[in-house]
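These notes concern the structure reproduced below.
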Amino acid sequence: MPINLVNPAGLPQVDLYRQVSVATGSRLVFIAGQVALDAEGRKVGEGDFAAQVEQCYLNIGVALAEVGATFDDVAKLTVYLVDWTPDKMPLFAEGVGRAAAKLGVTPAAPLTGIGVAALAEPGLLVEVEATAVVGGAA
C-alpha cells in the first residue's frame with residue numbers, strides 16, 4: 001500500500017478523514033471530478049445530497065478499479081459542494097458511509113471541501129476528484 005494516512009498531534013483529529021498522506025508509490029493517478037451520474041449518464045439522487053455524495057464516491061471507486069487501484073491508494077480528495085453550509089455535514093458523512101459500506105473500504109484520505117455556487121449541470125450538488133499513488137508499473 002503506497003499511501004500512509006496520518007493525523008499528526010497538534011492538528012484537529014477529524015473522524016471523516018486524515019490530515020496528511022505520505023505517498024511512496026511510483027505511479028500517480030488523477031481522477032477527474034465525479035458527479036452523481038450513473039454509467040448511462042443518468043442523474044442519481046435528484047435533490048438528495050447524501051445519495052449524490054454516495055454516487056460520486058462509487059464512481060471514484062470504479063475509476064480506481066479500472067487502473068488497479070483502491071481507496072487505500074488515494075492520497076487526496078477534493079470535494080466541491082453546491083451551496084455548502086455546515087448543517088449538511090451529517091448528510092455528507094452519510095453518503096460517504098453508504099458508499100464505503102458498498103465498496104468495503106474506509107475512504108479516509110485527506111480532503112478539501114470547497115463550497116461552490118453551481119456545477120456543470122443543473123441539479124448536481126457535489127463533485128469529487130481524487131489523486132492516487134499506485135506502486136509499480138502500469
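A note on labels: chains of the C-alpha cells are A, B, ... as shown, every chain counts residues from 1, and ligands are counted from 1 in their shown order.
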Can you pull out every residue from chain A that DSSP, working from the backbone, puts in alpha helix (DSSP H), and format the result as JSON, numbers by chain?
{"A": [49, 50, 51, 52, 53, 54, 55, 56, 57, 58, 59, 60, 61, 62, 63, 64, 65, 66, 89, 90, 91, 92, 93, 94, 95, 96, 97, 98, 99, 100, 101, 102, 103]}
Counting only C-alpha atoms, what is within 7 Å of Val22 (chain A), bar same-chain residues fewer than 4 positions away, as a list in words?
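The residues satisfying every condition are Ile3, Asn4 and Leu5 of chain A.
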Need to verify the contact set: Asn59 (chain A), 10 Å, only C-alpha atoms, exclusion of same-chain residues closer than 2 positions in sequence. Can you return it as a VMD selection string?
chain A and resid 31 33 to 39 53 to 57 61 to 65 99 128 to 129
Based on the selection just made, write N, CA, C and O atoms of those residues as an mmCIF file, in the first residue's frame.
data_model
loop_
_atom_site.group_PDB
_atom_site.id
_atom_site.type_symbol
_atom_site.label_atom_id
_atom_site.label_comp_id
_atom_site.auth_asym_id
_atom_site.auth_seq_id
_atom_site.Cartn_x
_atom_site.Cartn_y
_atom_site.Cartn_z
ATOM 1 N N ILE A 31 -7.932 11.478 -11.008
ATOM 2 C CA ILE A 31 -9.291 11.155 -11.430
ATOM 3 C C ILE A 31 -10.098 12.441 -11.521
ATOM 4 O O ILE A 31 -10.184 13.204 -10.557
ATOM 5 N N GLY A 33 -13.147 15.072 -11.691
ATOM 6 C CA GLY A 33 -14.274 15.233 -10.786
ATOM 7 C C GLY A 33 -15.428 14.344 -11.187
ATOM 8 O O GLY A 33 -15.862 14.358 -12.339
ATOM 9 N N GLN A 34 -15.905 13.555 -10.236
ATOM 10 C CA GLN A 34 -17.018 12.641 -10.464
ATOM 11 C C GLN A 34 -18.271 13.227 -9.840
ATOM 12 O O GLN A 34 -18.250 13.679 -8.697
ATOM 13 N N VAL A 35 -19.344 13.224 -10.604
ATOM 14 C CA VAL A 35 -20.626 13.737 -10.137
ATOM 15 C C VAL A 35 -21.613 12.583 -10.024
ATOM 16 O O VAL A 35 -21.280 11.438 -10.332
ATOM 17 N N ALA A 36 -22.825 12.877 -9.626
ATOM 18 C CA ALA A 36 -23.847 11.856 -9.381
ATOM 19 C C ALA A 36 -24.532 11.428 -10.674
ATOM 20 O O ALA A 36 -25.740 11.572 -10.838
ATOM 21 N N LEU A 37 -23.734 10.885 -11.593
ATOM 22 C CA LEU A 37 -24.261 10.291 -12.814
ATOM 23 C C LEU A 37 -23.890 8.822 -12.810
ATOM 24 O O LEU A 37 -22.765 8.465 -12.439
ATOM 25 N N ASP A 38 -24.827 7.957 -13.247
ATOM 26 C CA ASP A 38 -24.516 6.534 -13.323
ATOM 27 C C ASP A 38 -23.805 6.248 -14.643
ATOM 28 O O ASP A 38 -23.525 7.171 -15.426
ATOM 29 N N ALA A 39 -23.521 4.976 -14.914
ATOM 30 C CA ALA A 39 -22.760 4.588 -16.107
ATOM 31 C C ALA A 39 -23.460 4.992 -17.404
ATOM 32 O O ALA A 39 -22.796 5.193 -18.429
ATOM 33 N N VAL A 53 -23.598 12.269 -2.934
ATOM 34 C CA VAL A 53 -22.260 12.020 -2.383
ATOM 35 C C VAL A 53 -21.913 10.548 -2.575
ATOM 36 O O VAL A 53 -20.820 10.202 -3.040
ATOM 37 N N GLU A 54 -22.855 9.679 -2.226
ATOM 38 C CA GLU A 54 -22.637 8.237 -2.369
ATOM 39 C C GLU A 54 -22.258 7.887 -3.811
ATOM 40 O O GLU A 54 -21.288 7.169 -4.057
ATOM 41 N N GLN A 55 -23.007 8.392 -4.788
ATOM 42 C CA GLN A 55 -22.736 8.075 -6.192
ATOM 43 C C GLN A 55 -21.370 8.595 -6.627
ATOM 44 O O GLN A 55 -20.653 7.912 -7.355
ATOM 45 N N CYS A 56 -20.999 9.782 -6.171
ATOM 46 C CA CYS A 56 -19.672 10.323 -6.512
ATOM 47 C C CYS A 56 -18.573 9.385 -6.029
ATOM 48 O O CYS A 56 -17.628 9.072 -6.767
ATOM 49 N N TYR A 57 -18.675 8.930 -4.783
ATOM 50 C CA TYR A 57 -17.664 8.022 -4.225
ATOM 51 C C TYR A 57 -17.686 6.670 -4.930
ATOM 52 O O TYR A 57 -16.631 6.071 -5.171
ATOM 53 N N GLY A 61 -14.628 4.923 -6.984
ATOM 54 C CA GLY A 61 -14.255 3.519 -6.825
ATOM 55 C C GLY A 61 -14.120 2.797 -8.152
ATOM 56 O O GLY A 61 -13.182 2.013 -8.360
ATOM 57 N N VAL A 62 -15.036 3.048 -9.085
ATOM 58 C CA VAL A 62 -14.974 2.446 -10.422
ATOM 59 C C VAL A 62 -13.719 2.920 -11.152
ATOM 60 O O VAL A 62 -12.995 2.117 -11.751
ATOM 61 N N ALA A 63 -13.449 4.210 -11.089
ATOM 62 C CA ALA A 63 -12.271 4.763 -11.764
ATOM 63 C C ALA A 63 -10.987 4.174 -11.183
ATOM 64 O O ALA A 63 -10.063 3.818 -11.928
ATOM 65 N N LEU A 64 -10.923 4.064 -9.864
ATOM 66 C CA LEU A 64 -9.741 3.484 -9.219
ATOM 67 C C LEU A 64 -9.548 2.041 -9.658
ATOM 68 O O LEU A 64 -8.430 1.623 -10.005
ATOM 69 N N ALA A 65 -10.617 1.251 -9.643
ATOM 70 C CA ALA A 65 -10.522 -0.165 -10.020
ATOM 71 C C ALA A 65 -10.012 -0.322 -11.448
ATOM 72 O O ALA A 65 -9.240 -1.246 -11.736
ATOM 73 N N ALA A 99 -21.409 4.688 0.650
ATOM 74 C CA ALA A 99 -20.501 4.257 -0.421
ATOM 75 C C ALA A 99 -19.416 3.348 0.137
ATOM 76 O O ALA A 99 -19.082 2.322 -0.457
ATOM 77 N N VAL A 128 -16.589 15.126 -6.764
ATOM 78 C CA VAL A 128 -15.424 14.638 -6.019
ATOM 79 C C VAL A 128 -14.335 14.260 -7.014
ATOM 80 O O VAL A 128 -14.588 13.494 -7.945
ATOM 81 N N GLU A 129 -13.128 14.793 -6.795
ATOM 82 C CA GLU A 129 -11.987 14.374 -7.599
ATOM 83 C C GLU A 129 -10.953 13.747 -6.689
ATOM 84 O O GLU A 129 -10.922 14.037 -5.484
#
Which of A:Gly41, A:Pro2, A:Gly95, A:Pro8 sits closest to Arg27 (chain A) [using only C-alpha atoms]:
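Smallest distance to Arg27 (chain A) is found for A:Pro2.
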Would you list, as a list in words, the residues of region 29-113 of chain A that end up in strand (DSSP E or B) under DSSP run on this structure's backbone?
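Selecting the strand (DSSP E or B) positions of region 29-113 of chain A gives Val29, Phe30, Ile31, Ala32, Gly33, Gln34, Leu37, Lys43, Val74, Ala75, Lys76, Leu77, Thr78, Val79, Tyr80, Leu81, Val82, Leu111, Thr112 and Gly113 of chain A.
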Given only C-alpha atoms as the counted atoms, nearest of A:Val133, A:Leu91, A:Val6, A:Val29 to Asp72 (chain A)
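Under the stated criterion, the closest residue is A:Val133.
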In Å, rounded to a single decimal, give me how far CA of Thr106 (chain A) is from CA of Glu66 (chain A).
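These two atoms are separated by 18.7 Å.
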For Tyr80 (chain A), list every protein, DNA or RNA residue within 6 Å, evaluated using only C-alpha atoms, and leave out those in the same chain fewer than 3 positions away; present the list as a PyMOL selection string.
chain A and resi 113-115+126-127
Atoms to include: C-alpha atoms. Write the selected residues as an mmCIF file, in the first residue's frame.
data_model
loop_
_atom_site.group_PDB
_atom_site.id
_atom_site.type_symbol
_atom_site.label_atom_id
_atom_site.label_comp_id
_atom_site.auth_asym_id
_atom_site.auth_seq_id
_atom_site.Cartn_x
_atom_site.Cartn_y
_atom_site.Cartn_z
ATOM 1 C CA GLY A 113 -14.202 20.693 0.779
ATOM 2 C CA ILE A 114 -14.940 23.746 -1.340
ATOM 3 C CA GLY A 115 -18.316 25.480 -1.404
ATOM 4 C CA VAL A 126 -21.479 17.569 -5.264
ATOM 5 C CA GLU A 127 -18.384 16.666 -7.275
#
Nearest residue to Lys88 (chain A) out of A:Val44, A:Leu125, A:Gln13, A:Asn7, using only C-alpha atoms?
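Smallest distance to Lys88 (chain A) is found for A:Leu125.
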Exercise: Val134 (chain A) partners within 7 Å, only C-alpha atoms, chain neighbours under 5 positions left out, as a list in words:
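Near neighbours after the sequence-gap exclusion: Pro2, Gly25, Ser26, Arg27, Leu28, Ala69 and Asp73 of chain A.
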For the residues in the current selection, export C-alpha atoms as a compact mmCIF listing (two decimals), in the first residue's frame.
# COMPACT_ATOMS: atom_id res chain seq x y z
CA PRO A 2 1.77 3.17 -1.17
CA GLY A 25 4.32 4.56 -4.80
CA SER A 26 5.60 5.25 -8.26
CA ARG A 27 2.53 5.94 -10.39
CA LEU A 28 0.28 8.98 -9.95
CA ALA A 69 -6.11 0.97 -7.50
CA ASP A 73 -4.17 4.31 -2.77
Atomic distance CA of Leu119 (chain A) - CA of Ala132 (chain A), expressed in Å with one decimal:
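Separation of CA of Leu119 (chain A) and CA of Ala132 (chain A): 23.2 Å.
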Proximity to Ser21 (chain A) - best of A:Pro86, A:Leu81, A:Ala75, A:Val105, only C-alpha atoms:
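Result for the nearest residue to Ser21 (chain A): A:Ala75.
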So which residues touch Gly123 (chain A) within 9 Å, counting only C-alpha atoms, skipping near sequence neighbours fewer than 3 positions away, as number ranges by chain?
A: 43, 46-47, 118-119
Keeping only C-alpha atoms, write those residues as a PDB file, in the first residue's frame.
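Here's the written file out22.pdb:
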ATOM      1  CA  LYS A  43     -28.533  11.692 -12.688  1.00  0.00           C
ATOM      2  CA  GLU A  46     -32.136  14.277  -7.645  1.00  0.00           C
ATOM      3  CA  GLY A  47     -32.270  16.734  -4.717  1.00  0.00           C
ATOM      4  CA  ALA A 118     -23.032  25.562  -9.078  1.00  0.00           C
ATOM      5  CA  LEU A 119     -21.548  22.659 -11.002  1.00  0.00           C
TER       6      LEU A 119
END
